[in-house]
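Trainee: Just passing along the structure, written as structure tokens.
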Amino acid sequence: MPGFVLIVRDRGDADPAIRVGITVSKKVGNAVIRNRMKRRFRALAREVLPVAGIPGADHVLIGRNSGIERPYADLKAELAKALARVRK
């Protein structure tokens, strides 16, 4: 099971900017754990979305319980795979 849920929605305007939203609920853990997960997601977004993201769309990453325990490389691979599936 991946460490996040990815939702991608086309905005339908002429702006090609890629926007990112990150959310991690209290079910995942305390504030320290949630903030650590958000920092990891921000780093993933900076690294993966400029290459594999969809221009003109909003990308939302929703943190899951297993996300904080996953190695960063696995999260990166999962995000790239999820974006490739969305592109199809």
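To be explicit about the labels: the chains of the structure tokens are called A, B, and onward in the order shown, and within each one the residues are counted from 1, while ligands get numbers from 1 in the order they are shown.
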Using only C-alpha atoms, which residues sit within 8 Å of range 29-36 of chain A once same-chain residues fewer than 4 positions away are excluded, as a PyMOL selection string?
Mentor: chain A and resi 24-25+40+65+68
Trainee: Got a sec to tell me which of chain A DSSP assigns to helix (DSSP H, G or I), as a ChimeraX atom specification?
Mentor: /A:31-52,65-67,72-87
Trainee: With the cut-off set at 6 Å and counting only C-alpha atoms, tabulate each residue of range 16-80 of chain A with an atom at most that distance from an atom of range 6-9 of chain A, showing the nearest atom pair and its distance in Å to one decimal, ordered by chain and increasing number, as a Markdown table.
Mentor:
```
| residue | atom | partner | partner_atom | distance |
| --- | --- | --- | --- | --- |
| A:Ala57 | CA | A:Arg9 | CA | 5.4 |
| A:Asp58 | CA | A:Arg9 | CA | 5.3 |
| A:His59 | CA | A:Val8 | CA | 4.6 |
| A:Val60 | CA | A:Ile7 | CA | 5.1 |
| A:Leu61 | CA | A:Leu6 | CA | 4.9 |
```
Trainee: Find the spatial neighbours of Phe4 in chain A, counting only C-alpha atoms, within a cut-off of 7 Å - ignore same-chain residues fewer than 3 positions away - and output them as a PDB file with N, CA and C atoms, in the first residue's frame.
Mentor:
```pdb
ATOM      1  N   LEU A  61      -1.585  15.685  -2.491  1.00  0.00           N
ATOM      2  CA  LEU A  61      -1.025  14.516  -1.822  1.00  0.00           C
ATOM      3  C   LEU A  61      -1.660  14.395  -0.440  1.00  0.00           C
ATOM      4  N   ILE A  62      -2.271  13.255  -0.181  1.00  0.00           N
ATOM      5  CA  ILE A  62      -2.905  13.000   1.105  1.00  0.00           C
ATOM      6  C   ILE A  62      -2.091  11.917   1.809  1.00  0.00           C
ATOM      7  N   GLY A  63      -1.544  12.247   2.959  1.00  0.00           N
ATOM      8  CA  GLY A  63      -0.681  11.324   3.685  1.00  0.00           C
ATOM      9  C   GLY A  63      -1.435  10.160   4.297  1.00  0.00           C
ATOM     10  N   ARG A  64      -0.819   8.975   4.248  1.00  0.00           N
ATOM     11  CA  ARG A  64      -1.372   7.764   4.854  1.00  0.00           C
ATOM     12  C   ARG A  64      -0.491   7.349   6.023  1.00  0.00           C
ATOM     13  N   GLY A  67       3.105   6.130   5.271  1.00  0.00           N
ATOM     14  CA  GLY A  67       3.994   7.029   4.544  1.00  0.00           C
ATOM     15  C   GLY A  67       5.225   7.462   5.300  1.00  0.00           C
TER      16      GLY A  67
END
```
Trainee: Have a look at A:Ala17, A:Leu75, A:Met37, A:Ala84 and name the one nearest to Met1 in chain A; count only C-alpha atoms.
Mentor: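 Closest candidate: A:Leu75.
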Trainee: Could you check the closest approach to Asp15 in chain A for each of A:Val86, A:Leu44, A:Leu49, A:Ile54 and tell me which residue wins, using only C-alpha atoms?
Mentor: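 Nearest candidate to Asp15 in chain A out of A:Val86, A:Leu44, A:Leu49, A:Ile54: A:Ile54.
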Trainee: Based on DSSP run over this structure's backbone, return all residues of chain A in strand (DSSP E), as number ranges by chain.
Mentor: A: 4-10, 19-23, 57-63
Trainee: When you look at Arg42 in chain A with a cut-off of 10 Å (counting only C-alpha atoms), what residues show up, excluding the ones that are within fewer than 3 positions of it in the same chain? I need them as a VMD selection string.
Mentor: chain A and resid 20 to 22 36 to 39 45 to 47 61
Trainee: Deliver the residues from the most recent selection as a file, using N, CA, C and O atoms, as a PDB file, in the first residue's frame.
Mentor:
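Final output, saved to out.pdb:
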```pdb
ATOM      1  N   VAL A  20       0.283  22.493  -6.061  1.00  0.00           N
ATOM      2  CA  VAL A  20       0.399  21.339  -5.166  1.00  0.00           C
ATOM      3  C   VAL A  20      -0.319  21.640  -3.861  1.00  0.00           C
ATOM      4  O   VAL A  20      -0.194  22.730  -3.305  1.00  0.00           O
ATOM      5  N   GLY A  21      -1.051  20.647  -3.373  1.00  0.00           N
ATOM      6  CA  GLY A  21      -1.672  20.707  -2.060  1.00  0.00           C
ATOM      7  C   GLY A  21      -1.245  19.487  -1.267  1.00  0.00           C
ATOM      8  O   GLY A  21      -1.141  18.392  -1.819  1.00  0.00           O
ATOM      9  N   ILE A  22      -0.982  19.680   0.012  1.00  0.00           N
ATOM     10  CA  ILE A  22      -0.536  18.577   0.868  1.00  0.00           C
ATOM     11  C   ILE A  22      -1.394  18.576   2.120  1.00  0.00           C
ATOM     12  O   ILE A  22      -1.582  19.619   2.754  1.00  0.00           O
ATOM     13  N   ARG A  36       6.761  16.285   9.703  1.00  0.00           N
ATOM     14  CA  ARG A  36       7.842  15.570   9.026  1.00  0.00           C
ATOM     15  C   ARG A  36       7.346  14.997   7.697  1.00  0.00           C
ATOM     16  O   ARG A  36       8.023  15.078   6.674  1.00  0.00           O
ATOM     17  N   MET A  37       6.139  14.433   7.721  1.00  0.00           N
ATOM     18  CA  MET A  37       5.576  13.874   6.495  1.00  0.00           C
ATOM     19  C   MET A  37       5.318  14.979   5.464  1.00  0.00           C
ATOM     20  O   MET A  37       5.588  14.799   4.267  1.00  0.00           O
ATOM     21  N   LYS A  38       4.836  16.126   5.896  1.00  0.00           N
ATOM     22  CA  LYS A  38       4.606  17.243   4.970  1.00  0.00           C
ATOM     23  C   LYS A  38       5.915  17.728   4.357  1.00  0.00           C
ATOM     24  O   LYS A  38       5.970  18.046   3.169  1.00  0.00           O
ATOM     25  N   ARG A  39       6.984  17.780   5.154  1.00  0.00           N
ATOM     26  CA  ARG A  39       8.289  18.177   4.615  1.00  0.00           C
ATOM     27  C   ARG A  39       8.766  17.188   3.563  1.00  0.00           C
ATOM     28  O   ARG A  39       9.294  17.580   2.518  1.00  0.00           O
ATOM     29  N   ALA A  45       7.524  16.747  -4.125  1.00  0.00           N
ATOM     30  CA  ALA A  45       6.873  17.597  -5.122  1.00  0.00           C
ATOM     31  C   ALA A  45       7.901  18.443  -5.868  1.00  0.00           C
ATOM     32  O   ALA A  45       7.820  18.581  -7.094  1.00  0.00           O
ATOM     33  N   ARG A  46       8.859  19.010  -5.157  1.00  0.00           N
ATOM     34  CA  ARG A  46       9.892  19.814  -5.815  1.00  0.00           C
ATOM     35  C   ARG A  46      10.727  18.984  -6.776  1.00  0.00           C
ATOM     36  O   ARG A  46      11.182  19.476  -7.806  1.00  0.00           O
ATOM     37  N   GLU A  47      10.928  17.719  -6.447  1.00  0.00           N
ATOM     38  CA  GLU A  47      11.803  16.869  -7.239  1.00  0.00           C
ATOM     39  C   GLU A  47      11.087  16.198  -8.417  1.00  0.00           C
ATOM     40  O   GLU A  47      11.638  16.116  -9.507  1.00  0.00           O
ATOM     41  N   LEU A  61      -1.585  15.685  -2.491  1.00  0.00           N
ATOM     42  CA  LEU A  61      -1.025  14.516  -1.822  1.00  0.00           C
ATOM     43  C   LEU A  61      -1.660  14.395  -0.440  1.00  0.00           C
ATOM     44  O   LEU A  61      -1.600  15.340   0.350  1.00  0.00           O
TER      45      LEU A  61
END
```
Trainee: Find the residues around Ala52 in chain A up to 7 Å (only C-alpha atoms counted), leave out those fewer than 4 positions away in its own chain, and share them as a count of residues only.
Mentor: 3
Trainee: My list of candidates is A:Ile18, A:Val28, A:Ala77, A:Val5. Which is closest to Gly53 in chain A when distances are computed with only C-alpha atoms?
Mentor: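 Closest residue, counting only C-alpha atoms: A:Ile18.
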Trainee: For the atom pair CA of Glu69 in chain A and CA of Thr23 in chain A, what is the interatomic distance in Å to one decimal place?
Mentor: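 Atom-to-atom, CA of Glu69 in chain A and CA of Thr23 in chain A are spaced 16.9 Å apart.
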